[in-house]
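*Asks:* Here you go, coords_15.pdb (PDB, C-alpha atoms):
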```
ATOM      1  CA  MET A   1      36.775  26.777  -8.877  1.00  0.00           C
ATOM      2  CA  SER A   2      38.511  24.296 -11.094  1.00  0.00           C
ATOM      3  CA  GLY A   3      41.509  22.324 -10.047  1.00  0.00           C
ATOM      4  CA  ARG A   4      42.140  19.793  -7.321  1.00  0.00           C
ATOM      5  CA  ARG A   5      40.831  21.793  -4.394  1.00  0.00           C
ATOM      6  CA  GLY A   6      38.581  24.294  -6.189  1.00  0.00           C
ATOM      7  CA  THR A   7      35.215  22.675  -5.377  1.00  0.00           C
ATOM      8  CA  ARG A   8      35.982  21.883  -1.729  1.00  0.00           C
ATOM      9  CA  PRO A   9      34.663  25.203  -0.261  1.00  0.00           C
ATOM     10  CA  VAL A  10      31.441  24.882  -2.260  1.00  0.00           C
ATOM     11  CA  ARG A  11      30.923  21.312  -1.024  1.00  0.00           C
ATOM     12  CA  ASN A  12      31.616  22.347   2.587  1.00  0.00           C
ATOM     13  CA  ALA A  13      29.272  25.325   2.317  1.00  0.00           C
ATOM     14  CA  ALA A  14      26.516  23.091   0.945  1.00  0.00           C
ATOM     15  CA  ALA A  15      26.972  20.638   3.825  1.00  0.00           C
ATOM     16  CA  VAL A  16      26.816  23.454   6.376  1.00  0.00           C
ATOM     17  CA  ALA A  17      23.673  24.864   4.722  1.00  0.00           C
ATOM     18  CA  VAL A  18      21.927  21.472   4.871  1.00  0.00           C
ATOM     19  CA  LEU A  19      22.942  21.025   8.517  1.00  0.00           C
ATOM     20  CA  CYS A  20      21.624  24.503   9.394  1.00  0.00           C
ATOM     21  CA  LEU A  21      18.293  23.756   7.702  1.00  0.00           C
ATOM     22  CA  LEU A  22      17.920  20.517   9.630  1.00  0.00           C
ATOM     23  CA  LEU A  23      18.774  22.152  12.952  1.00  0.00           C
ATOM     24  CA  SER A  24      16.572  25.191  12.373  1.00  0.00           C
ATOM     25  CA  GLY A  25      13.582  22.966  11.591  1.00  0.00           C
ATOM     26  CA  GLY A  26      14.071  20.981  14.782  1.00  0.00           C
ATOM     27  CA  LEU A  27      14.726  24.038  16.936  1.00  0.00           C
ATOM     28  CA  ALA A  28      11.741  25.934  15.534  1.00  0.00           C
ATOM     29  CA  ALA A  29       9.445  23.429  17.262  1.00  0.00           C
ATOM     30  CA  CYS A  30      11.132  24.095  20.648  1.00  0.00           C
ATOM     31  CA  THR A  31       9.556  27.072  22.389  1.00  0.00           C
ATOM     32  CA  TYR A  32       9.288  27.823  26.075  1.00  0.00           C
ATOM     33  CA  GLN A  33       6.077  29.096  27.521  1.00  0.00           C
ATOM     34  CA  GLY A  34       5.535  30.247  31.101  1.00  0.00           C
ATOM     35  CA  ALA A  35       3.850  27.971  33.665  1.00  0.00           C
ATOM     36  CA  GLY A  36       0.618  29.986  33.637  1.00  0.00           C
ATOM     37  CA  ASP A  37       0.458  30.289  29.845  1.00  0.00           C
ATOM     38  CA  PRO A  38      -2.788  28.826  28.409  1.00  0.00           C
ATOM     39  CA  ALA A  39      -0.981  27.636  25.257  1.00  0.00           C
ATOM     40  CA  ARG A  40       1.253  25.388  27.340  1.00  0.00           C
ATOM     41  CA  THR A  41      -1.697  23.983  29.288  1.00  0.00           C
ATOM     42  CA  ALA A  42      -3.608  23.206  26.097  1.00  0.00           C
ATOM     43  CA  ALA A  43      -0.580  21.462  24.588  1.00  0.00           C
ATOM     44  CA  THR A  44      -0.123  19.377  27.734  1.00  0.00           C
ATOM     45  CA  GLU A  45      -3.791  18.389  27.794  1.00  0.00           C
ATOM     46  CA  GLN A  46      -3.690  17.493  24.122  1.00  0.00           C
ATOM     47  CA  SER A  47      -0.678  15.210  24.430  1.00  0.00           C
ATOM     48  CA  SER A  48      -2.130  13.354  27.433  1.00  0.00           C
ATOM     49  CA  ARG A  49      -4.964  11.829  25.390  1.00  0.00           C
ATOM     50  CA  PRO A  50      -4.386   8.227  24.342  1.00  0.00           C
ATOM     51  CA  ALA A  51      -3.809   7.539  20.679  1.00  0.00           C
ATOM     52  CA  PRO A  52      -6.775   6.018  18.856  1.00  0.00           C
ATOM     53  CA  SER A  53      -6.502   2.281  18.551  1.00  0.00           C
ATOM     54  CA  VAL A  54      -7.688  -0.123  15.896  1.00  0.00           C
ATOM     55  CA  PRO A  55      -9.714  -3.002  17.322  1.00  0.00           C
ATOM     56  CA  THR A  56      -7.989  -6.358  17.261  1.00  0.00           C
ATOM     57  CA  LYS A  57      -9.260  -9.443  15.482  1.00  0.00           C
ATOM     58  CA  GLY A  58     -10.649 -12.167  17.715  1.00  0.00           C
ATOM     59  CA  PRO A  59      -9.603 -15.830  17.427  1.00  0.00           C
ATOM     60  CA  GLU A  60     -12.699 -16.764  15.388  1.00  0.00           C
ATOM     61  CA  ILE A  61     -11.936 -14.017  12.845  1.00  0.00           C
ATOM     62  CA  LEU A  62      -8.272 -15.076  12.650  1.00  0.00           C
ATOM     63  CA  ASP A  63      -9.348 -18.704  12.030  1.00  0.00           C
ATOM     64  CA  ALA A  64     -11.746 -17.616   9.272  1.00  0.00           C
ATOM     65  CA  GLU A  65      -9.027 -15.441   7.743  1.00  0.00           C
ATOM     66  CA  LYS A  66      -6.566 -18.363   7.780  1.00  0.00           C
ATOM     67  CA  ARG A  67      -9.081 -20.628   5.986  1.00  0.00           C
ATOM     68  CA  ASN A  68      -9.857 -17.866   3.479  1.00  0.00           C
ATOM     69  CA  TYR A  69      -6.158 -17.257   2.731  1.00  0.00           C
ATOM     70  CA  ALA A  70      -5.718 -20.997   2.056  1.00  0.00           C
ATOM     71  CA  GLU A  71      -8.684 -20.920  -0.354  1.00  0.00           C
ATOM     72  CA  LEU A  72      -7.396 -17.726  -1.981  1.00  0.00           C
ATOM     73  CA  GLN A  73      -3.958 -19.257  -2.600  1.00  0.00           C
ATOM     74  CA  LYS A  74      -5.607 -22.278  -4.298  1.00  0.00           C
ATOM     75  CA  ARG A  75      -7.579 -19.950  -6.544  1.00  0.00           C
ATOM     76  CA  LEU A  76      -4.599 -17.758  -7.432  1.00  0.00           C
ATOM     77  CA  ALA A  77      -2.472 -20.852  -8.170  1.00  0.00           C
ATOM     78  CA  THR A  78      -4.201 -20.992 -11.556  1.00  0.00           C
ATOM     79  CA  ALA A  79      -1.989 -18.056 -12.619  1.00  0.00           C
ATOM     80  CA  ARG A  80       1.060 -19.456 -14.421  1.00  0.00           C
ATOM     81  CA  GLY A  81       4.339 -17.781 -15.263  1.00  0.00           C
ATOM     82  CA  PRO A  82       6.679 -15.403 -13.470  1.00  0.00           C
ATOM     83  CA  ALA A  83       4.739 -12.966 -11.267  1.00  0.00           C
ATOM     84  CA  LEU A  84       5.174  -9.237 -11.718  1.00  0.00           C
ATOM     85  CA  ILE A  85       2.759  -8.582  -8.827  1.00  0.00           C
ATOM     86  CA  ASP A  86       1.637 -11.165  -6.275  1.00  0.00           C
ATOM     87  CA  ASP A  87      -0.194  -9.642  -3.311  1.00  0.00           C
ATOM     88  CA  SER A  88      -3.164 -10.227  -1.053  1.00  0.00           C
ATOM     89  CA  GLY A  89      -4.737  -8.740   2.035  1.00  0.00           C
ATOM     90  CA  PRO A  90      -7.870  -8.309   4.148  1.00  0.00           C
ATOM     91  CA  ALA A  91     -11.012  -7.523   2.172  1.00  0.00           C
ATOM     92  CA  ASP A  92     -13.044  -6.215   5.079  1.00  0.00           C
ATOM     93  CA  GLY A  93     -12.763  -4.397   8.385  1.00  0.00           C
ATOM     94  CA  PRO A  94     -11.049  -1.121   9.281  1.00  0.00           C
ATOM     95  CA  GLY A  95      -8.073  -0.260   7.089  1.00  0.00           C
ATOM     96  CA  VAL A  96      -9.191  -2.738   4.448  1.00  0.00           C
ATOM     97  CA  GLY A  97      -7.334  -3.470   1.259  1.00  0.00           C
ATOM     98  CA  PHE A  98      -3.882  -3.299  -0.194  1.00  0.00           C
ATOM     99  CA  SER A  99      -2.011  -1.584  -2.959  1.00  0.00           C
ATOM    100  CA  LYS A 100       1.110  -2.774  -4.755  1.00  0.00           C
ATOM    101  CA  THR A 101       3.217  -1.416  -7.619  1.00  0.00           C
ATOM    102  CA  ALA A 102       5.896  -2.998  -9.764  1.00  0.00           C
ATOM    103  CA  LYS A 103       8.062  -1.936 -12.675  1.00  0.00           C
ATOM    104  CA  VAL A 104       7.312  -3.414 -16.085  1.00  0.00           C
ATOM    105  CA  THR A 105      10.694  -3.879 -17.770  1.00  0.00           C
ATOM    106  CA  THR A 106       9.417  -5.791 -20.789  1.00  0.00           C
ATOM    107  CA  ALA A 107       6.354  -4.468 -22.586  1.00  0.00           C
ATOM    108  CA  GLY A 108       3.897  -7.112 -23.670  1.00  0.00           C
ATOM    109  CA  ARG A 109       0.960  -9.278 -22.730  1.00  0.00           C
ATOM    110  CA  TYR A 110       0.342  -9.986 -19.047  1.00  0.00           C
ATOM    111  CA  THR A 111      -2.433 -11.921 -17.335  1.00  0.00           C
ATOM    112  CA  VAL A 112      -4.213 -10.347 -14.378  1.00  0.00           C
ATOM    113  CA  THR A 113      -5.667 -13.026 -12.098  1.00  0.00           C
ATOM    114  CA  ALA A 114      -7.715 -11.918  -9.090  1.00  0.00           C
ATOM    115  CA  ALA A 115      -9.870 -13.682  -6.518  1.00  0.00           C
ATOM    116  CA  CYS A 116     -11.446 -13.231  -3.111  1.00  0.00           C
ATOM    117  CA  ALA A 117     -12.808 -15.477  -0.374  1.00  0.00           C
ATOM    118  CA  GLY A 118     -15.152 -14.900   2.545  1.00  0.00           C
ATOM    119  CA  ILE A 119     -17.308 -12.164   0.987  1.00  0.00           C
ATOM    120  CA  PRO A 120     -19.681 -12.122  -1.993  1.00  0.00           C
ATOM    121  CA  ASN A 121     -17.709  -9.610  -4.094  1.00  0.00           C
ATOM    122  CA  ALA A 122     -14.856  -7.116  -4.213  1.00  0.00           C
ATOM    123  CA  GLN A 123     -13.239  -4.803  -6.756  1.00  0.00           C
ATOM    124  CA  MET A 124      -9.642  -4.875  -7.972  1.00  0.00           C
ATOM    125  CA  VAL A 125      -8.286  -1.903  -9.917  1.00  0.00           C
ATOM    126  CA  ILE A 126      -5.170  -2.147 -12.119  1.00  0.00           C
ATOM    127  CA  PHE A 127      -3.325   1.065 -13.092  1.00  0.00           C
ATOM    128  CA  ALA A 128      -0.604   1.372 -15.738  1.00  0.00           C
ATOM    129  CA  PRO A 129       1.421   4.035 -17.596  1.00  0.00           C
ATOM    130  CA  GLY A 130      -0.550   6.224 -19.942  1.00  0.00           C
ATOM    131  CA  SER A 131      -3.878   5.224 -18.410  1.00  0.00           C
ATOM    132  CA  LYS A 132      -5.526   6.411 -15.220  1.00  0.00           C
ATOM    133  CA  GLN A 133      -7.514   3.206 -14.896  1.00  0.00           C
ATOM    134  CA  LEU A 134      -6.438   0.372 -17.126  1.00  0.00           C
ATOM    135  CA  LEU A 135      -8.685  -2.310 -15.735  1.00  0.00           C
ATOM    136  CA  SER A 136     -11.369  -2.620 -13.084  1.00  0.00           C
ATOM    137  CA  LEU A 137     -12.332  -6.162 -12.144  1.00  0.00           C
ATOM    138  CA  ASP A 138     -15.575  -6.681 -10.254  1.00  0.00           C
ATOM    139  CA  LEU A 139     -14.813  -9.938  -8.499  1.00  0.00           C
ATOM    140  CA  ASP A 140     -17.434 -12.595  -7.857  1.00  0.00           C
ATOM    141  CA  CYS A 141     -15.836 -14.350  -4.900  1.00  0.00           C
ATOM    142  CA  SER A 142     -17.178 -17.746  -5.886  1.00  0.00           C
ATOM    143  CA  GLY A 143     -14.427 -18.073  -8.503  1.00  0.00           C
ATOM    144  CA  VAL A 144     -11.406 -16.514 -10.209  1.00  0.00           C
ATOM    145  CA  SER A 145     -11.323 -13.536 -12.574  1.00  0.00           C
ATOM    146  CA  SER A 146      -8.635 -13.491 -15.232  1.00  0.00           C
ATOM    147  CA  GLN A 147      -7.935 -11.084 -18.071  1.00  0.00           C
ATOM    148  CA  VAL A 148      -5.064 -10.507 -20.498  1.00  0.00           C
ATOM    149  CA  VAL A 149      -3.770  -6.927 -20.757  1.00  0.00           C
ATOM    150  CA  GLU A 150      -1.054  -5.155 -22.754  1.00  0.00           C
ATOM    151  CA  LEU A 151       1.448  -3.340 -20.533  1.00  0.00           C
ATOM    152  CA  GLU A 152       4.058  -0.825 -21.644  1.00  0.00           C
ATOM    153  CA  ASP A 153       7.447  -0.248 -19.986  1.00  0.00           C
ATOM    154  CA  GLY A 154       6.929   1.672 -16.755  1.00  0.00           C
ATOM    155  CA  TYR A 155       4.970   1.054 -13.588  1.00  0.00           C
ATOM    156  CA  VAL A 156       1.818  -0.937 -13.002  1.00  0.00           C
ATOM    157  CA  GLY A 157      -0.216  -0.967  -9.821  1.00  0.00           C
ATOM    158  CA  ALA A 158      -2.951  -3.114  -8.329  1.00  0.00           C
ATOM    159  CA  ALA A 159      -5.294  -2.050  -5.539  1.00  0.00           C
ATOM    160  CA  LEU A 160      -8.182  -3.685  -3.707  1.00  0.00           C
ATOM    161  CA  MET A 161     -11.196  -1.389  -3.413  1.00  0.00           C
ATOM    162  CA  ARG A 162     -14.206  -1.925  -1.148  1.00  0.00           C
ATOM    163  CA  HIS A 163     -17.548  -0.173  -1.166  1.00  0.00           C
ATOM    164  CA  ASP A 164     -17.692  -0.367   2.662  1.00  0.00           C
ATOM    165  CA  PRO A 165     -14.129   0.150   3.966  1.00  0.00           C
ATOM    166  CA  ASN A 166     -15.312   0.643   7.564  1.00  0.00           C
ATOM    167  CA  GLY A 167     -17.346  -2.531   8.025  1.00  0.00           C
ATOM    168  CA  PRO A 168     -16.522  -5.182  10.624  1.00  0.00           C
ATOM    169  CA  TRP A 169     -13.890  -7.852  10.174  1.00  0.00           C
ATOM    170  CA  THR A 170     -15.144 -11.223   9.015  1.00  0.00           C
ATOM    171  CA  GLY A 171     -11.881 -12.785   7.837  1.00  0.00           C
ATOM    172  CA  ALA A 172     -12.507 -12.070   4.151  1.00  0.00           C
ATOM    173  CA  VAL A 173      -9.440 -11.757   1.909  1.00  0.00           C
ATOM    174  CA  ALA A 174      -8.620 -10.889  -1.712  1.00  0.00           C
ATOM    175  CA  GLY A 175      -5.544 -11.116  -3.893  1.00  0.00           C
ATOM    176  CA  VAL A 176      -4.078 -10.496  -7.324  1.00  0.00           C
ATOM    177  CA  ARG A 177      -1.301 -11.932  -9.469  1.00  0.00           C
ATOM    178  CA  ILE A 178      -0.047 -10.285 -12.630  1.00  0.00           C
ATOM    179  CA  THR A 179       2.021 -12.741 -14.648  1.00  0.00           C
ATOM    180  CA  ALA A 180       3.922 -12.578 -17.926  1.00  0.00           C
ATOM    181  CA  GLU A 181       2.385 -14.489 -20.835  1.00  0.00           C
TER
END
```
What would the structure in this file look like if it were written as structure tokens?

*Replies:*
Amino acid sequence: MSGRRGTRPVRNAAAVAVLCLLLSGGLAACTYQGAGDPARTAATEQSSRPAPSVPTKGPEILDAEKRNYAELQKRLATARGPALIDDSGPADGPGVGFSKTAKVTTAGRYTVTAACAGIPNAQMVIFAPGSKQLLSLDLDCSGVSSQVVELEDGYVGAALMRHDPNGPWTGAVAGVRITAE
């Protein structure tokens, strides 16, 4: 198998094997059932149901959210330095929250700054290498929470947590910035 053309058959065989796996997976889902077969009828009935939809935000909620994002950006502007993570999102309603990760390339001291607007409180959780939960900030949405942490090389993540993730939309928002010292 050494030499100029020695590995070519192995490479071709590997490509054919991958192609066969892809085709067999797609073809395995294709089966024909007779017209009177109950399995076919059930599958047809199942696929005719509409997909569940998430309610949309009304204009008053969108206006409140816009005002709250403006206030949030003012609050997070207190964080100085290059941002490792800078993210925000809805803090209420269906599908609430956000999660963001970034790679720490230089170990050292970082400042976690978090805030929220439009609700009384929220919780931001910061995860880092070697620790399942590095920091949990219970946010009082009347101000800004800030804390200095030591981060090692690797990944760090920030996530917004809510105690009631299925509540109605009100336009509330929350955000976090992790900046180098």

*Asks:* Running the PyMOL selection byres ((chain A and resi 154) around 8) on this model by hand, what would come out? Give it as a ChimeraX atom specification.

*Replies:* /A:103-105,128-129,152-153,155-156

*Asks:* Write out the residues from the selection above, keeping C-alpha atoms, as a PDB file, keeping the file's coordinate frame.

*Replies:*
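Just written: selection_19.pdb:
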```pdb
ATOM      1  CA  LYS A 103       8.062  -1.936 -12.675  1.00  0.00           C
ATOM      2  CA  VAL A 104       7.312  -3.414 -16.085  1.00  0.00           C
ATOM      3  CA  THR A 105      10.694  -3.879 -17.770  1.00  0.00           C
ATOM      4  CA  ALA A 128      -0.604   1.372 -15.738  1.00  0.00           C
ATOM      5  CA  PRO A 129       1.421   4.035 -17.596  1.00  0.00           C
ATOM      6  CA  GLU A 152       4.058  -0.825 -21.644  1.00  0.00           C
ATOM      7  CA  ASP A 153       7.447  -0.248 -19.986  1.00  0.00           C
ATOM      8  CA  TYR A 155       4.970   1.054 -13.588  1.00  0.00           C
ATOM      9  CA  VAL A 156       1.818  -0.937 -13.002  1.00  0.00           C
TER      10      VAL A 156
END
```

*Asks:* Return as a ChimeraX atom specification the set of residues that the PyMOL selection byres ((chain A and resi 64) around 12) yields on the displayed structure.

*Replies:* /A:57-63,65-71,90,117-119,169-173

*Asks:* Can you pull out every residue within 12 Å of Arg80 in chain A, counting only C-alpha atoms, but drop anything in the same chain fewer than 3 positions away, and send it as number ranges by chain?

*Replies:* A: 75-77, 83-84, 86, 110-113, 146, 177-181

*Asks:* For Asp92 in chain A, which residue among A:Ala107, A:Leu139, A:Val144, A:Cys116 is the nearest when counting all atoms listed in the file?

*Replies:* A:Cys116

*Asks:* Using the chain letters and numbers from this file, what does the PyMOL selection byres ((chain A and resi 125) around 6) select? Give the answer as an MDAnalysis selection string.

*Replies:* chainID A and resid 124 126 135:136 158:159

*Asks:* Between CA of Ile85 in chain A and CA of Pro120 in chain A, measure the distance and give it in Å to one decimal.

*Replies:*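 These two atoms are separated by 23.7 Å.
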
*Asks:* Which of these residues is nearest to Asp164 in chain A, using only C-alpha atoms: A:Gly81, A:Gly89, A:Gly97, A:Gly143?

*Replies:*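 Residue with the minimum atom-to-atom distance to Asp164 in chain A: A:Gly97.
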
*Asks:* For a test of reading the model, state the distance in Å between CA of Leu160 in chain A and CA of Ala114 in chain A, rounded to one decimal.

*Replies:*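 Going from CA of Leu160 in chain A over to CA of Ala114 in chain A, I get 9.8 Å.
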
*Asks:* When you draw a straight line from CA of Gly167 in chain A to CA of Thr56 in chain A, how long is it in Å?

*Replies:*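 CA of Thr56 in chain A lies at a distance of 13.7 Å from CA of Gly167 in chain A.
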
*Asks:* Which of these, A:Gly157, A:Pro82, A:Gly175, A:Gly93, has the shortest distance to Phe127 in chain A once you count only C-alpha atoms?

*Replies:*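 Comparing A:Gly157, A:Pro82, A:Gly175, A:Gly93 against Phe127 in chain A, the winner is A:Gly157.
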
*Asks:* Can you tell me which residues surround Asp138 in chain A at a distance of at most 8 Å, considering only C-alpha atoms, apart from same-chain residues fewer than 4 positions away, and format the answer as JSON, numbers by chain?

*Replies:* {"A": [121, 122, 123, 124]}

*Asks:* Of the residues A:Thr78, A:Val148, A:Asp87, A:Pro168, which is the one nearest to Lys100 in chain A, using only C-alpha atoms?

*Replies:*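 Closest to Lys100 in chain A, using only C-alpha atoms: A:Asp87.
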
*Asks:* Choose the residue, out of A:Met161, A:Val149, A:Val176, A:Val96, that has the smallest atom-to-atom separation from Ala79 in chain A; count only C-alpha atoms.

*Replies:*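 Checking each of A:Met161, A:Val149, A:Val176, A:Val96 against Ala79 in chain A, counting only C-alpha atoms, the winner is A:Val176.
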